[in-house]
Amino acid sequence: MSFVLERETPPLREDETGAIRVGNSRVLLEVVIRAFQDGASPESIVQRYSTLSLSDVYSTIGYYLRHQNAVKSYLNHREQLAESVQQRLSSVQPDLSLIRSRLLAQQQS
């Protein structure tokens, strides 16, 4: 009996916005990696995100462990992008604290 080793590509794909998704799901790479960094097991990650397969989560974590610098660079880029979007939204969105205060006052009366 012979055992054939096959190269497998990581179950990662880039979507139309440049975000990296895991497997055939819409779950972002950063969600899986952050959960793993926070101590979640692959099994608990799959429980949280039922569209993920256990093998895809293990493969993704393995890829991260072998390519930490590249993944960290990607994660930093995504954080910077999120911060710039948040700043743009804050600059065009009015201060909602006054409206919130008024609604809470109405609710309490």
# chains A, B, ... in the order shown; residues from 1 in each chain; ligands from 1

$ select_by_dssp --residues "chain A" --states "strand (DSSP E or B)" --output "list in words"
Leu12, Arg13, Glu14, Ile20, Arg21, Val22 and Leu28 of chain A

$ write_last_selection --atoms "N, CA and C atoms" --output "mmCIF file, in the first residue's frame"
data_model
loop_
_atom_site.group_PDB
_atom_site.id
_atom_site.type_symbol
_atom_site.label_atom_id
_atom_site.label_comp_id
_atom_site.auth_asym_id
_atom_site.auth_seq_id
_atom_site.Cartn_x
_atom_site.Cartn_y
_atom_site.Cartn_z
ATOM 1 N N LEU A 12 -8.872 29.476 1.219
ATOM 2 C CA LEU A 12 -9.059 30.921 1.314
ATOM 3 C C LEU A 12 -9.318 31.483 -0.070
ATOM 4 N N ARG A 13 -10.205 32.456 -0.136
ATOM 5 C CA ARG A 13 -10.483 33.104 -1.417
ATOM 6 C C ARG A 13 -10.701 34.586 -1.180
ATOM 7 N N GLU A 14 -10.298 35.354 -2.172
ATOM 8 C CA GLU A 14 -10.477 36.797 -2.101
ATOM 9 C C GLU A 14 -11.783 37.159 -2.782
ATOM 10 N N ILE A 20 -10.591 38.501 2.400
ATOM 11 C CA ILE A 20 -10.322 37.074 2.270
ATOM 12 C C ILE A 20 -11.351 36.305 3.092
ATOM 13 N N ARG A 21 -12.018 35.379 2.429
ATOM 14 C CA ARG A 21 -13.063 34.546 3.036
ATOM 15 C C ARG A 21 -12.547 33.130 3.210
ATOM 16 N N VAL A 22 -13.121 32.412 4.173
ATOM 17 C CA VAL A 22 -12.699 31.044 4.466
ATOM 18 C C VAL A 22 -13.672 30.060 3.814
ATOM 19 N N LEU A 28 -14.973 35.910 7.329
ATOM 20 C CA LEU A 28 -13.696 36.540 7.024
ATOM 21 C C LEU A 28 -12.534 35.825 7.705
#

$ select_by_dssp --residues "range 5-109 of chain A" --states "alpha helix (DSSP H)" --output "PyMOL selection string"
chain A and resi 29-37+42-48+54-66+68-92+97-108

$ closest_residue --among "A:Ser53, A:Ile33, A:Arg48, A:Ile99" --to "Lys72 in chain A" --atoms "only C-alpha atoms"
A:Ile33

$ atom_distance --atom1 "CA of Glu83 in chain A" --atom2 "CA of Leu98 in chain A"
23.9 Å

$ closest_residue --among "A:Glu43, A:Asp95, A:Glu79, A:Asp56" --to "Glu8 in chain A" --atoms "only C-alpha atoms"
A:Asp56

$ residues_around --residues "Ser44 in chain A" --least-positions-apart "4" --cutoff "12 Å" --atoms "only C-alpha atoms" --output "number ranges by chain"
A: 32, 35-36, 38-40, 48-50, 52-54, 57-58

$ atom_distance --atom1 "CA of Pro10 in chain A" --atom2 "CA of Leu65 in chain A"
12.1 Å

$ closest_residue --among "A:Asp15, A:His77, A:Ala82, A:Arg34" --to "Tyr64 in chain A" --atoms "only C-alpha atoms"
A:Arg34

$ closest_residue --among "A:Ser25, A:Thr60, A:Ser91, A:Gln37" --to "Thr9 in chain A" --atoms "only C-alpha atoms"
A:Thr60
